[in-house]
Every structure is written in C-alpha cells, then in structure tokens.
>>> print(open('final_37.cif').read())   # mmCIF, C-alpha atoms (C1' of nucleotides)
data_final
#
loop_
_atom_site.label_atom_id
_atom_site.label_comp_id
_atom_site.auth_asym_id
_atom_site.auth_seq_id
_atom_site.Cartn_x
_atom_site.Cartn_y
_atom_site.Cartn_z
CA MET A 19 -13.04 30.65 16.84
CA SER A 20 -14.26 29.08 13.64
CA ASN A 21 -16.64 26.19 13.39
CA LEU A 22 -13.92 24.00 12.05
CA SER A 23 -11.58 24.64 14.95
CA VAL A 24 -14.30 23.78 17.42
CA GLU A 25 -15.11 20.66 15.53
CA LEU A 26 -11.51 19.56 15.37
CA GLU A 27 -10.89 20.23 19.05
CA GLN A 28 -13.93 18.23 19.97
CA ALA A 29 -12.68 15.42 17.79
CA PHE A 30 -9.37 15.47 19.68
CA GLN A 31 -11.17 15.57 22.98
CA SER A 32 -13.32 12.58 22.30
CA ALA A 33 -10.38 10.64 20.91
CA ALA A 34 -8.27 11.44 23.98
CA LEU A 35 -5.51 12.88 21.81
CA ARG A 36 -3.57 15.93 22.87
CA PRO A 37 -4.41 18.81 20.57
CA THR A 38 -0.88 19.77 19.67
CA ALA A 39 -0.28 22.41 17.03
CA GLN A 40 1.27 19.89 14.63
CA ARG A 41 -1.46 17.33 15.00
CA TYR A 42 -4.02 20.05 14.58
CA ALA A 43 -2.38 21.24 11.39
CA VAL A 44 -2.38 17.76 9.89
CA LEU A 45 -6.03 17.16 10.61
CA GLU A 46 -6.99 20.64 9.51
CA PHE A 47 -5.26 20.16 6.19
CA LEU A 48 -7.02 16.87 5.56
CA ALA A 49 -10.40 18.25 6.60
CA GLY A 50 -9.95 21.18 4.24
CA HIS A 51 -8.65 19.18 1.29
CA PRO A 52 -11.05 16.44 0.35
CA VAL A 53 -8.48 14.78 -1.86
CA HIS A 54 -6.42 11.70 -1.25
CA ALA A 55 -3.21 13.30 -0.08
CA THR A 56 0.04 11.42 0.33
CA ALA A 57 2.05 11.77 3.51
CA GLU A 58 4.57 13.75 1.51
CA GLU A 59 1.97 16.25 0.34
CA ILE A 60 0.72 16.67 3.86
CA PHE A 61 4.26 17.16 5.07
CA HIS A 62 4.85 19.95 2.57
CA ALA A 63 1.48 21.57 3.10
CA VAL A 64 2.01 21.73 6.84
CA ASN A 65 5.47 23.18 6.45
CA ARG A 66 4.35 25.93 4.14
CA SER A 67 2.50 27.74 6.91
CA ASP A 68 3.27 27.91 10.57
CA PRO A 69 3.35 25.11 12.95
CA ARG A 70 6.20 23.21 11.39
CA ALA A 71 6.29 19.47 11.65
CA SER A 72 9.07 17.04 10.94
CA ARG A 73 8.52 14.10 8.68
CA ALA A 74 8.39 11.73 11.64
CA THR A 75 5.72 13.84 13.31
CA VAL A 76 3.54 13.81 10.23
CA TYR A 77 3.75 10.02 10.08
CA ASN A 78 3.20 9.68 13.82
CA ASN A 79 0.16 11.89 13.68
CA LEU A 80 -1.33 10.22 10.66
CA ARG A 81 -1.04 6.97 12.51
CA SER A 82 -2.52 8.19 15.76
CA LEU A 83 -5.33 9.96 13.92
CA ALA A 84 -6.04 6.85 11.91
CA LYS A 85 -6.11 4.76 15.06
CA ALA A 86 -8.60 7.19 16.56
CA GLY A 87 -10.72 6.93 13.43
CA LEU A 88 -10.39 10.60 12.51
CA VAL A 89 -8.40 9.86 9.40
CA ARG A 90 -8.40 6.93 7.08
CA GLU A 91 -5.52 5.33 5.27
CA LEU A 92 -6.58 4.46 1.80
CA VAL A 93 -6.46 0.95 0.56
CA SER A 94 -4.67 0.84 -2.74
CA GLU A 95 -1.70 -0.43 -4.60
CA GLY A 96 0.21 2.67 -5.37
CA LYS A 97 3.53 3.13 -3.68
CA ALA A 98 2.75 6.10 -1.48
CA ALA A 99 0.04 5.72 1.14
CA ARG A 100 -2.85 8.13 0.82
CA PHE A 101 -5.08 9.54 3.50
CA ASP A 102 -8.36 11.29 3.81
CA ALA A 103 -10.27 12.83 6.68
CA ASN A 104 -12.73 10.20 7.69
CA LEU A 105 -15.79 12.42 7.72
CA HIS A 106 -18.05 10.42 5.48
CA PRO A 107 -17.40 6.77 4.81
CA HIS A 108 -17.14 5.85 1.18
CA HIS A 109 -15.92 3.18 -1.18
CA HIS A 110 -13.22 3.65 -3.77
CA PHE A 111 -12.88 3.27 -7.48
CA LEU A 112 -9.51 2.76 -9.11
CA CYS A 113 -9.16 3.52 -12.80
CA GLU A 114 -6.94 0.89 -14.38
CA ASN A 115 -6.19 3.19 -17.25
CA CYS A 116 -5.24 6.53 -15.74
CA GLY A 117 -4.69 5.49 -12.13
CA ALA A 118 -7.19 7.94 -10.70
CA VAL A 119 -8.72 7.11 -7.34
CA GLU A 120 -12.29 8.27 -6.96
CA ASP A 121 -14.74 8.21 -4.09
CA ILE A 122 -17.92 6.19 -4.43
CA PRO A 123 -20.76 7.24 -2.18
CA TRP A 124 -21.31 4.83 0.65
CA PHE A 125 -23.86 2.07 0.43
CA ASP A 126 -24.27 -0.82 2.80
CA LEU A 127 -23.65 -4.40 1.95
CA PRO A 128 -26.92 -6.24 2.48
CA SER A 129 -26.35 -7.87 5.83
CA ALA A 130 -27.19 -11.36 4.66
CA VAL A 131 -24.45 -11.25 2.05
CA GLY A 132 -21.17 -12.62 3.23
CA ARG A 133 -22.37 -13.64 6.67
CA SER A 134 -21.41 -17.26 6.25
CA ALA A 135 -18.23 -16.49 4.38
CA LEU A 136 -16.93 -14.49 7.34
CA GLY A 137 -17.33 -17.19 9.94
CA GLU A 138 -16.67 -16.16 13.53
CA ARG A 139 -14.73 -13.04 12.71
CA VAL A 140 -15.79 -9.73 14.19
CA VAL A 141 -16.12 -7.21 11.39
CA ARG A 142 -15.70 -3.59 12.43
CA ARG A 143 -15.62 -1.94 9.04
CA TYR A 144 -15.31 -2.81 5.44
CA GLU A 145 -14.73 -1.12 2.16
CA ILE A 146 -15.19 -2.05 -1.46
CA LEU A 147 -12.56 -1.34 -4.05
CA PHE A 148 -13.85 -1.26 -7.60
CA ARG A 149 -11.56 -1.33 -10.59
CA GLY A 150 -12.26 -0.51 -14.17
CA HIS A 151 -12.39 2.59 -16.28
CA CYS A 152 -13.47 5.97 -15.10
CA ASP A 153 -15.74 8.29 -16.98
CA ARG A 154 -12.91 9.96 -18.86
CA CYS A 155 -11.19 6.73 -19.89
CA ARG A 156 -14.30 4.90 -20.87
CA ARG A 157 -14.07 5.78 -24.53
CA PRO A 158 -10.51 6.89 -25.23
CA ASP A 159 -11.11 9.11 -28.26
CA GLY A 160 -14.70 9.92 -27.68
CA GLY A 161 -15.14 7.33 -30.39
CA PRO A 162 -17.30 4.24 -30.20
CA GLY A 163 -14.37 1.88 -29.68
CA LEU A 164 -13.73 -0.44 -26.82
CA VAL A 165 -11.63 0.36 -23.85
CA LYS A 166 -7.91 0.03 -24.55
CA PRO A 167 -5.72 -1.88 -22.09
CA ASP A 168 -6.80 -5.43 -22.61
CA GLY A 169 -9.79 -5.22 -24.75
CA ASN A 170 -12.61 -6.91 -22.98
CA GLU A 171 -15.06 -4.30 -21.95
CA GLY A 172 -18.05 -5.23 -19.90
CA ALA A 173 -19.56 -4.28 -16.61
CA VAL A 174 -19.45 -6.98 -14.00
CA ILE A 175 -22.01 -5.40 -11.76
CA MET B 13 5.07 -33.55 -17.73
CA SER B 14 3.05 -32.80 -14.62
CA ASN B 15 -0.46 -31.53 -14.53
CA LEU B 16 0.70 -28.25 -13.11
CA SER B 17 3.16 -27.59 -15.92
CA VAL B 18 0.49 -28.22 -18.49
CA GLU B 19 -1.88 -25.95 -16.66
CA LEU B 20 0.67 -23.18 -16.40
CA GLU B 21 1.67 -23.41 -20.03
CA GLN B 22 -1.91 -23.22 -21.09
CA ALA B 23 -2.31 -20.18 -18.89
CA PHE B 24 0.60 -18.51 -20.67
CA GLN B 25 -0.76 -19.49 -24.03
CA SER B 26 -4.16 -18.01 -23.45
CA ALA B 27 -2.66 -14.86 -21.99
CA ALA B 28 -0.32 -14.45 -24.97
CA LEU B 29 2.70 -14.31 -22.70
CA ARG B 30 5.95 -15.93 -23.66
CA PRO B 31 6.63 -18.85 -21.36
CA THR B 32 10.12 -17.91 -20.30
CA ALA B 33 11.85 -19.92 -17.62
CA GLN B 34 11.84 -17.01 -15.17
CA ARG B 35 8.21 -16.17 -15.70
CA TYR B 36 7.33 -19.81 -15.33
CA ALA B 37 9.23 -20.04 -12.05
CA VAL B 38 7.43 -17.05 -10.61
CA LEU B 39 4.01 -18.37 -11.47
CA GLU B 40 4.88 -21.87 -10.36
CA PHE B 41 5.98 -20.62 -6.98
CA LEU B 42 2.79 -18.66 -6.48
CA ALA B 43 0.61 -21.53 -7.63
CA GLY B 44 2.36 -23.87 -5.22
CA HIS B 45 2.35 -21.52 -2.25
CA PRO B 46 -1.15 -20.38 -1.48
CA VAL B 47 0.10 -17.66 0.84
CA HIS B 48 0.40 -13.98 0.25
CA ALA B 49 4.02 -13.74 -0.74
CA THR B 50 5.92 -10.48 -1.04
CA ALA B 51 7.97 -9.74 -4.13
CA GLU B 52 11.07 -10.20 -2.01
CA GLU B 53 10.02 -13.68 -0.92
CA ILE B 54 9.30 -14.63 -4.49
CA PHE B 55 12.65 -13.26 -5.56
CA HIS B 56 14.44 -15.40 -3.00
CA ALA B 57 12.38 -18.50 -3.65
CA VAL B 58 13.08 -18.32 -7.37
CA ASN B 59 16.78 -17.86 -6.80
CA ARG B 60 17.09 -20.83 -4.51
CA SER B 61 16.51 -23.26 -7.33
CA ASP B 62 17.43 -23.00 -10.95
CA PRO B 63 16.21 -20.49 -13.37
CA ARG B 64 17.65 -17.42 -11.70
CA ALA B 65 15.88 -14.13 -12.01
CA SER B 66 17.00 -10.64 -11.19
CA ARG B 67 14.93 -8.41 -8.99
CA ALA B 68 13.76 -6.40 -11.97
CA THR B 69 12.61 -9.54 -13.72
CA VAL B 70 10.57 -10.65 -10.75
CA TYR B 71 8.85 -7.29 -10.64
CA ASN B 72 8.34 -7.22 -14.40
CA ASN B 73 6.82 -10.66 -14.37
CA LEU B 74 4.58 -9.99 -11.43
CA ARG B 75 3.27 -7.01 -13.30
CA SER B 76 2.76 -8.78 -16.60
CA LEU B 77 1.13 -11.74 -14.87
CA ALA B 78 -1.13 -9.43 -12.92
CA LYS B 79 -2.09 -7.62 -16.08
CA ALA B 80 -2.97 -10.94 -17.66
CA GLY B 81 -5.05 -11.82 -14.63
CA LEU B 82 -2.96 -14.85 -13.66
CA VAL B 83 -1.75 -13.24 -10.49
CA ARG B 84 -3.30 -10.71 -8.22
CA GLU B 85 -1.69 -7.92 -6.29
CA LEU B 86 -3.22 -7.74 -2.88
CA VAL B 87 -4.90 -4.65 -1.67
CA SER B 88 -3.56 -3.74 1.72
CA GLU B 89 -1.73 -1.20 3.75
CA GLY B 90 1.47 -2.92 4.63
CA LYS B 91 4.60 -1.59 3.03
CA ALA B 92 5.54 -4.54 0.84
CA ALA B 93 3.12 -5.54 -1.89
CA ARG B 94 1.81 -9.07 -1.68
CA PHE B 95 0.70 -11.36 -4.44
CA ASP B 96 -1.27 -14.51 -4.87
CA ALA B 97 -1.99 -16.78 -7.80
CA ASN B 98 -5.38 -15.71 -8.98
CA LEU B 99 -6.92 -19.15 -9.20
CA HIS B 100 -10.02 -18.49 -7.19
CA PRO B 101 -11.22 -14.96 -6.64
CA HIS B 102 -11.74 -14.04 -3.03
CA HIS B 103 -12.18 -11.14 -0.69
CA HIS B 104 -9.83 -10.28 2.14
CA PHE B 105 -10.03 -9.84 5.85
CA LEU B 106 -7.48 -7.78 7.74
CA CYS B 107 -7.15 -8.33 11.48
CA GLU B 108 -6.65 -4.99 13.18
CA ASN B 109 -5.12 -6.66 16.16
CA CYS B 110 -2.53 -9.07 14.83
CA GLY B 111 -2.23 -7.85 11.24
CA ALA B 112 -3.09 -11.18 9.67
CA VAL B 113 -4.52 -11.14 6.15
CA GLU B 114 -7.02 -13.91 5.52
CA ASP B 115 -8.93 -14.99 2.44
CA ILE B 116 -12.70 -14.79 2.47
CA PRO B 117 -14.50 -17.07 0.00
CA TRP B 118 -15.89 -15.17 -2.92
CA PHE B 119 -19.48 -14.01 -3.00
CA ASP B 120 -21.04 -11.64 -5.47
CA LEU B 121 -22.33 -8.24 -4.68
CA PRO B 122 -26.02 -8.24 -5.55
CA SER B 123 -26.03 -6.47 -8.86
CA ALA B 124 -28.57 -3.87 -7.85
CA VAL B 125 -26.36 -2.69 -5.02
CA GLY B 126 -24.10 0.18 -5.92
CA ARG B 127 -25.38 0.54 -9.46
CA SER B 128 -26.36 4.16 -9.03
CA ALA B 129 -23.38 5.01 -6.88
CA LEU B 130 -21.01 3.98 -9.66
CA GLY B 131 -22.46 6.19 -12.35
CA GLU B 132 -21.09 5.71 -15.84
CA ARG B 133 -17.93 3.94 -14.80
CA VAL B 134 -17.11 0.57 -16.29
CA VAL B 135 -16.41 -1.87 -13.48
CA ARG B 136 -14.18 -4.79 -14.39
CA ARG B 137 -13.63 -6.28 -10.98
CA TYR B 138 -14.04 -5.47 -7.37
CA GLU B 139 -12.98 -6.73 -4.03
CA ILE B 140 -14.14 -6.22 -0.49
CA LEU B 141 -11.72 -5.60 2.34
CA PHE B 142 -13.11 -6.36 5.76
CA ARG B 143 -11.40 -5.24 8.93
CA GLY B 144 -11.91 -6.36 12.46
CA HIS B 145 -10.69 -9.18 14.63
CA CYS B 146 -9.89 -12.63 13.45
CA ASP B 147 -10.88 -15.80 15.20
CA ARG B 148 -7.77 -15.91 17.34
CA CYS B 149 -7.95 -12.27 18.43
CA ARG B 150 -11.64 -12.23 19.06
CA ARG B 151 -11.34 -12.95 22.78
CA PRO B 152 -7.80 -12.11 23.80
CA ASP B 153 -7.45 -14.39 26.85
CA GLY B 154 -10.06 -16.90 26.02
CA GLY B 155 -12.03 -14.92 28.57
CA PRO B 156 -15.42 -13.34 28.04
CA GLY B 157 -14.00 -9.82 27.74
CA LEU B 158 -14.33 -7.39 24.89
CA VAL B 159 -11.82 -6.96 22.14
CA LYS B 160 -8.89 -4.78 23.17
CA PRO B 161 -7.74 -1.97 20.86
CA ASP B 162 -10.53 0.52 21.18
CA GLY B 163 -13.18 -1.21 23.11
CA ASN B 164 -16.29 -1.17 21.01
CA GLU B 165 -16.96 -4.66 19.85
CA GLY B 166 -19.81 -5.35 17.50
CA ALA B 167 -20.34 -6.82 14.09
CA VAL B 168 -21.35 -4.35 11.44
CA ILE B 169 -22.59 -6.91 8.99
"C1'" DC C 30 1.42 28.68 40.28
"C1'" DG C 31 5.39 25.46 39.82
"C1'" DC C 32 6.52 20.35 39.75
"C1'" DT C 33 6.45 16.05 37.67
"C1'" DT C 34 5.69 12.85 34.22
"C1'" DA C 35 4.15 11.02 30.15
"C1'" DA C 36 3.14 12.22 25.55
"C1'" DG C 37 4.74 14.41 21.71
"C1'" DT C 38 8.37 16.62 18.61
"C1'" DT C 39 12.81 16.95 16.16
"C1'" DA C 40 16.66 16.26 12.56
"C1'" DG C 41 18.67 13.38 10.12
"C1'" DA C 42 20.64 8.85 9.51
"C1'" DC C 43 18.89 4.66 8.04
"C1'" DA C 44 16.37 0.62 5.85
"C1'" DC C 45 13.64 -1.17 2.47
"C1'" DA C 46 10.65 -1.52 -1.71
"C1'" DG C 47 10.51 -0.77 -6.11
"C1'" DT C 48 12.21 1.56 -10.67
"C1'" DC C 49 15.35 2.61 -14.29
"C1'" DT C 50 18.98 2.14 -17.73
"C1'" DA C 51 21.83 0.25 -21.07
"C1'" DT C 52 23.18 -4.02 -22.72
"C1'" DA C 53 22.68 -8.86 -23.63
"C1'" DT C 54 19.79 -12.82 -24.52
"C1'" DT C 55 15.84 -15.40 -26.02
"C1'" DT C 56 11.55 -16.26 -28.44
"C1'" DA C 57 8.27 -16.52 -32.33
"C1'" DG C 58 7.57 -16.64 -36.74
"C1'" DA C 59 8.81 -16.01 -41.59
"C1'" DT D 21 18.36 -19.81 -40.31
"C1'" DC D 22 17.47 -15.02 -39.73
"C1'" DT D 23 15.19 -11.01 -37.89
"C1'" DA D 24 12.45 -8.17 -34.97
"C1'" DA D 25 10.30 -7.78 -30.79
"C1'" DA D 26 10.03 -9.25 -26.20
"C1'" DT D 27 12.35 -10.30 -22.21
"C1'" DA D 28 16.33 -10.68 -18.83
"C1'" DT D 29 20.24 -8.70 -16.27
"C1'" DA D 30 23.15 -6.11 -12.65
"C1'" DG D 31 23.29 -2.70 -10.00
"C1'" DA D 32 22.81 2.19 -9.32
"C1'" DC D 33 19.19 5.08 -7.94
"C1'" DT D 34 14.75 7.19 -5.95
"C1'" DG D 35 11.11 7.64 -2.87
"C1'" DT D 36 8.66 6.16 1.23
"C1'" DG D 37 8.62 5.28 5.68
"C1'" DT D 38 11.15 4.10 10.38
"C1'" DC D 39 14.29 4.76 14.09
"C1'" DT D 40 17.06 7.02 17.62
"C1'" DA D 41 18.27 9.95 21.26
"C1'" DA D 42 17.78 14.43 22.89
"C1'" DC D 43 14.53 18.04 23.58
"C1'" DT D 44 9.83 20.29 24.37
"C1'" DT D 45 5.11 20.57 25.75
"C1'" DA D 46 0.61 19.38 27.90
"C1'" DA D 47 -1.95 17.85 31.81
"C1'" DG D 48 -2.62 16.70 36.47
"C1'" DC D 49 -1.59 17.59 41.21
"C1'" DG D 50 -0.28 19.69 45.57
#
>>> encode(input="final_37.cif", output="structure tokens")
Amino acid sequence: MSNLSVELEQAFQSAALRPTAQRYAVLEFLAGHPVHATAEEIFHAVNRSDPRASRATVYNNLRSLAKAGLVRELVSEGKAARFDANLHPHHHFLCENCGAVEDIPWFDLPSAVGRSALGERVVRRYEILFRGHCDRCRRPDGGPGLVKPDGNEGAVI
Amino acid sequence: MSNLSVELEQAFQSAALRPTAQRYAVLEFLAGHPVHATAEEIFHAVNRSDPRASRATVYNNLRSLAKAGLVRELVSEGKAARFDANLHPHHHFLCENCGAVEDIPWFDLPSAVGRSALGERVVRRYEILFRGHCDRCRRPDGGPGLVKPDGNEGAVI
DNA sequence: CGCTTAAGTTAGACACAGTCTATATTTAGA
DNA sequence: TCTAAATATAGACTGTGTCTAACTTAAGCG
C-alpha cells in the first residue's frame, strides 16, 4: 500500500469519516492535483477511472471533507466553487487581468494586528485575498507601460 | 437636491460613468442599505420604485460600478454574490455556525508582512476573511461550554 | 458470521444565479 | 440638431449546485 493511501486512510480515521471508495477517490484526486479544481472537474476526473461517483456524491463529499478540514473551499468570486486539498495553508492572489488564482505561501498576521477590530469573536482561521496583476500581466507587452485595465499602477503593500 | 444625490453624481463623474437612471438607482440603493445585498435583492428593490431595470442591467451596472471601485463584490462562499457600496473599506468575518457575514473595521497589513511571499506581483488591494464564531454563537446556550461544530475552541490571532 | 442501523450513494429532475443576443434607447459632444 | 458610442431591454439559455426517494455499504454487536 502506497504512502499516500496510508496517509489518506489515517486522515479519514481521525476525521471519523467512513473511507468509502468515492470519498477516497475525491480526496486522492485533490491530493494529487495541487490545482484549484472545480467540482465539475473533480466529478469528471473521478468518473474517468473506477469508483464512479454521481454529481451529488461529489458535492456531498466535498462538503464533508471540507467540514473535516481535509479540503478547503476557495474564497473567490468566480461562479464555480474551487477546492484544494488542505495540506498546507496558504493565502491567495487573484489576477484582475487574466483571472488566474495563485497560491501565496502562508505567513501569519502579527497577532496584535486586528485584535481590537475583531471584538469578542472567536477566530478559528483566516485567509488573505490579494488582488492585482500577476507576473505575466504586470507589463502587458513586455514594454515599459503601465498596467492596462484602469491605469493606476502602484503597490499598496 | 439632496446631499446623497450630489455625492453620487460626483462619484459617477470621477469614475467617468454615465449617470443613467438605472445605474443611479442601483448605487443609491446600495448606499442607503449598508447590508450585503444580493443581485436579486437589488433587482427587486430597484423595480419596486421607478426607474425600472432589467436583470441584465443590474448585473451590468454592478460590474461597471465594481470596476470603478464604487461598489464591492463580497468575497464569500455562498451561492449568490453579494455587494456593498464601497464607502469604507473593511474586512469580513464569516460565522461558521450561523453563516452570518459581518464587517470588520479596516486595518492595514504591516507593509513588511508578506512582501517576500508576493514576489513580483503588483498588489492593488487586499482583504482578510476571518472565520470562526460570532458573538452570538460563541457560547451556544449562554452556558460556559465550548463552541459546538467541531469542538476545538481557541483564538488563532 | 449474520443482523441491524445509520451513513453513504444514485440518477435525474429541479431551482437558481448569472450570461448572452439582437434590438432599441439614451447620452455626450461636436 | 446630429452622430457615434454607451447603455438598456426581454427573455431564452447555460452552468452550478440541491433535492428526493430508493438502494447499497460500513460498522458494531450478539
């Protein structure tokens, strides 16, 4: 049995989720594809090989896996929800020009920051979404011009 | 002419957007309702009073207003997109128990933080999404117990 | 083992959010 | 006033996600 299988089964165990073939296939796909897959892509990927899963099952499993913290639903504005295996926490960057969603390595918010703004709330997790222009869109023609869409280039951080 | 009208017209002016009746109605509604309205709610609100607007127009205007920075599309995971008038920037808090979305007063990320993680990207804006339990859900029965869903209470920030 | 029961799976109908198209109207500016 | 470009419109259409009711499987127990 491969390392991955062991790892996944342990993850199920500790999350108290039954390791069904369909659920396993969903998690395995996400663990092996470090991209931000849509539910639809996952649905097709799973149904290409064996344990088949209906659309409802894929959604059910994504939800139960997300609840258990094994998978994360991406925060974004696109129409189709995207998911990734929640192995390493990270922030996200959304390119306003080409729409790409990129991972930003995790860094902590200094704990003093935001304390008072949050009041009595209990914060379990957080994530920062940056927007701007990715590496490829930074200078549209390789030229020295400014970024296209609305003209005002300038880092805010 | 009211203060608000003047303010809105100036906003259009500076954004180089034509102040059409429909566009005005959309922005006026958002400015007057500091909640996170869905496109559908805005559509209905606008069509209750005069300048009527078709569904497509509401969506078009929300997009053009968002592009101009007068309106902001909320980052979240629900199915229907939500918008607010972008008067004061703020972060968001999502209650994992009751689903409420709350505004968190704006605070800047210290500029040193994240610099290296972002590489060459040009960051225009950013927003932090916190998740956890809101004030009301913090102690389910008013009792001293822990938060329900998965048991492990504890602030991370 | 062989039951029992609760959790999970299924196909496909359904509901809803958002987009598109082709045409008509309005605005800004000359 | 006239023209070109921007914007508005109705409603059909697409894609994403949910629901239902019947069926299957996993886990615990005697």
>>> residues_around(input="final_37.cif", residues="B:Ala78", least_positions_apart="6", cutoff="10 Å", atoms="only C-alpha atoms (C1' of nucleotides)", output="list in words")
Asn72, Arg84, Glu85, Phe95, Asp96, Ala97 and Asn98 of chain B
>>> write_last_selection(input="final_37.cif", atoms="C-alpha atoms", output="mmCIF file, in the frame of the given file")
data_model
loop_
_atom_site.group_PDB
_atom_site.id
_atom_site.type_symbol
_atom_site.label_atom_id
_atom_site.label_comp_id
_atom_site.auth_asym_id
_atom_site.auth_seq_id
_atom_site.Cartn_x
_atom_site.Cartn_y
_atom_site.Cartn_z
ATOM 1 C CA ASN B 72 8.340 -7.220 -14.400
ATOM 2 C CA ARG B 84 -3.300 -10.710 -8.220
ATOM 3 C CA GLU B 85 -1.690 -7.920 -6.290
ATOM 4 C CA PHE B 95 0.700 -11.360 -4.440
ATOM 5 C CA ASP B 96 -1.270 -14.510 -4.870
ATOM 6 C CA ALA B 97 -1.990 -16.780 -7.800
ATOM 7 C CA ASN B 98 -5.380 -15.710 -8.980
#
>>> residues_around(input="final_37.cif", residues="C:DT56", least_positions_apart="5", cutoff="12 Å", atoms="all atoms listed in the file", output="PDB file with C-alpha atoms (C1' of nucleotides), keeping the file's coordinate frame")
ATOM      1  CA  LEU B  29       2.700 -14.310 -22.700  1.00  0.00           C
ATOM      2  CA  ARG B  30       5.950 -15.930 -23.660  1.00  0.00           C
ATOM      3  CA  PRO B  31       6.630 -18.850 -21.360  1.00  0.00           C
ATOM      4  CA  THR B  32      10.120 -17.910 -20.300  1.00  0.00           C
ATOM      5  CA  ALA B  33      11.850 -19.920 -17.620  1.00  0.00           C
TER       6      ALA B  33
ATOM      7  C1'  DT D  23      15.190 -11.010 -37.890  1.00  0.00           C
ATOM      8  C1'  DA D  24      12.450  -8.170 -34.970  1.00  0.00           C
ATOM      9  C1'  DA D  25      10.300  -7.780 -30.790  1.00  0.00           C
ATOM     10  C1'  DA D  26      10.030  -9.250 -26.200  1.00  0.00           C
ATOM     11  C1'  DT D  27      12.350 -10.300 -22.210  1.00  0.00           C
TER      12       DT D  27
END
>>> residues_around(input="final_37.cif", residues="B:Gln34", least_positions_apart="5", cutoff="9 Å", atoms="all atoms listed in the file", output="short mmCIF file (atom, residue, chain, number, x, y, z; two decimals) with C-alpha atoms (C1' of nucleotides), in the coordinates of the input")
data_model
loop_
_atom_site.label_atom_id
_atom_site.label_comp_id
_atom_site.auth_asym_id
_atom_site.auth_seq_id
_atom_site.Cartn_x
_atom_site.Cartn_y
_atom_site.Cartn_z
CA LEU B 39 4.01 -18.37 -11.47
CA VAL B 58 13.08 -18.32 -7.37
CA PRO B 63 16.21 -20.49 -13.37
CA ARG B 64 17.65 -17.42 -11.70
CA ALA B 65 15.88 -14.13 -12.01
CA THR B 69 12.61 -9.54 -13.72
CA VAL B 70 10.57 -10.65 -10.75
CA ASN B 73 6.82 -10.66 -14.37
"C1'" DA D 28 16.33 -10.68 -18.83
#
>>> closest_atom_pairs(input="final_37.cif", of="chain A", to="chain D", cutoff="9 Å", atoms="all atoms listed in the file", output="CSV")
residue,atom,partner,partner_atom,distance
A:Arg36,CA,D:DA46,C1',7.4
A:Pro37,CA,D:DA46,C1',8.9
A:Thr38,CA,D:DA46,C1',8.4
A:Ala57,CA,D:DT36,C1',9.0
A:Glu58,CA,D:DT36,C1',8.6
A:Ala74,CA,D:DT38,C1',8.2
A:Tyr77,CA,D:DG37,C1',8.1
A:Lys97,CA,D:DT36,C1',7.7
A:Ala98,CA,D:DT36,C1',6.5
A:Ala99,CA,D:DT36,C1',8.6
>>> interface_residues(input="final_37.cif", of="chain C", to="chain A", cutoff="8 Å", atoms="all atoms listed in the file", output="NGL selection string")
:C and (38-40)
>>> write_last_selection(input="final_37.cif", atoms="C-alpha atoms (C1' of nucleotides)", output="PDB file, in the frame of the given file")
ATOM      1  C1'  DT C  38       8.370  16.620  18.610  1.00  0.00           C
ATOM      2  C1'  DT C  39      12.810  16.950  16.160  1.00  0.00           C
ATOM      3  C1'  DA C  40      16.660  16.260  12.560  1.00  0.00           C
TER       4       DA C  40
END
